[in-house]
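Below is one structure, written out as structure tokens; the observations come after it.
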Amino acid sequence: MNQTVTVPSREGRDLKTPERVLRPRVDLVERESEWILIADLPGVDAGAISIRTERGKLIVSAERRPLPQPPEGGRWLVRERPVGRYEATFELGEEIDAAAISAQARNGVLELRLPKTEAVQPHKIEVRAS
């Protein structure tokens, strides 16, 4: 199978900053006319997600901020939920129509639809009797 969307490794740190960059867990589905990329971004509001394409890459970033204070009258005993910056970069092949990519976020799940260009979509050729 020739995969047109390359999913990055989960390892690594952002070399520009000392903080650890969180990598969202992703699923990738191929359909006849599109790829669907599903990314888990728990605790991230849709307004805190940034998606852009640049030089053949799809860049997804988001910020999950910690609660500044524990709920009223309480104190933190354990804080295990990840906070910080999510970031993932995906290589896009020429078969993807980057201008037509769409995104939807709901309940901490981001769904990107990456349509295939017309040139790579299957076309049925009708055979006529002569």
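By order in the structure tokens, chains are A, B, ...; within a chain, residues start at 1; ligands start at 1, following the order shown.
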Practice item. Name the residues of chain A that come out as strand (DSSP E or B) in a backbone DSSP run; write them as number ranges by chain. Key: A: 5-6, 22, 26-30, 34-40, 49-54, 57-64, 84-92, 96, 102-106, 109-116
Practice item. Quick one: pick out all helix (DSSP H, G or I) residues within stretch 69-121 of chain A from a backbone DSSP run and write them as a PyMOL selection string. Key: chain A and resi 98-100+118-120
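The residue that comes closest to A:Arg52, out of A:Val109, A:Ala98, A:Gln104, A:His123 and on the basis of only C-alpha atoms, is A:Ala98.
Checking A:Pro115, A:Arg81, A:Gln69, A:Leu110 one by one against A:Asp27, counting only C-alpha atoms, you find the shortest gap at A:Leu110.
Atom CA of A:Trp35 sits 25.2 Å away from atom CA of A:Val21.
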Exercise for review: Name all residues at most 10 Å from stretch 46-51 of chain A (count only C-alpha atoms; drop same-chain ones fewer than 4 positions away) and give them as JSON, numbers by chain.
Suggested key: {"A": [41, 58, 59, 60, 61, 62, 63, 64, 65, 86, 87, 88, 89, 101, 102, 103, 104, 105, 106, 107, 108, 109, 110, 112]}
Exercise for review: Skip A:Arg25 itself and residues of its chain fewer than 5 positions away, then list as number ranges by chain all residues within 9 Å of it, counting only C-alpha atoms.
Suggested key: A: 10, 38-41
**Study point:** Test item: residues at most 12 Å from A:Pro68, only C-alpha atoms, excluding those fewer than 6 positions along its chain, as number ranges by chain
**Key:** A: 75-76, 79, 83
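With distances restricted to only C-alpha atoms, A:Leu114 is the closest residue to A:Arg31 from A:Leu77, A:Ala129, A:Leu114, A:Leu92.
Across the structure, atom CA of A:Glu118 and atom CA of A:Val26 are spaced 25.7 Å apart.
When only C-alpha atoms are used to measure the gap to A:Ile36, the shortest distance among A:Glu111, A:Lys124, A:Thr117, A:Arg23 belongs to A:Glu111.
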Check your understanding: So, counting only C-alpha atoms, which residue among A:Gly73, A:Gly56, A:Pro42, A:Pro24 is closest to A:Glu94?
Key ->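 Going through A:Gly73, A:Gly56, A:Pro42, A:Pro24 one by one, the smallest distance to A:Glu94 is for A:Gly56.
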Check your understanding: Separation of atom CA of A:Glu30 and atom CA of A:Ala100, in Å?
Key ->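 Atom CA of A:Ala100 lies 16.2 Å from atom CA of A:Glu30.
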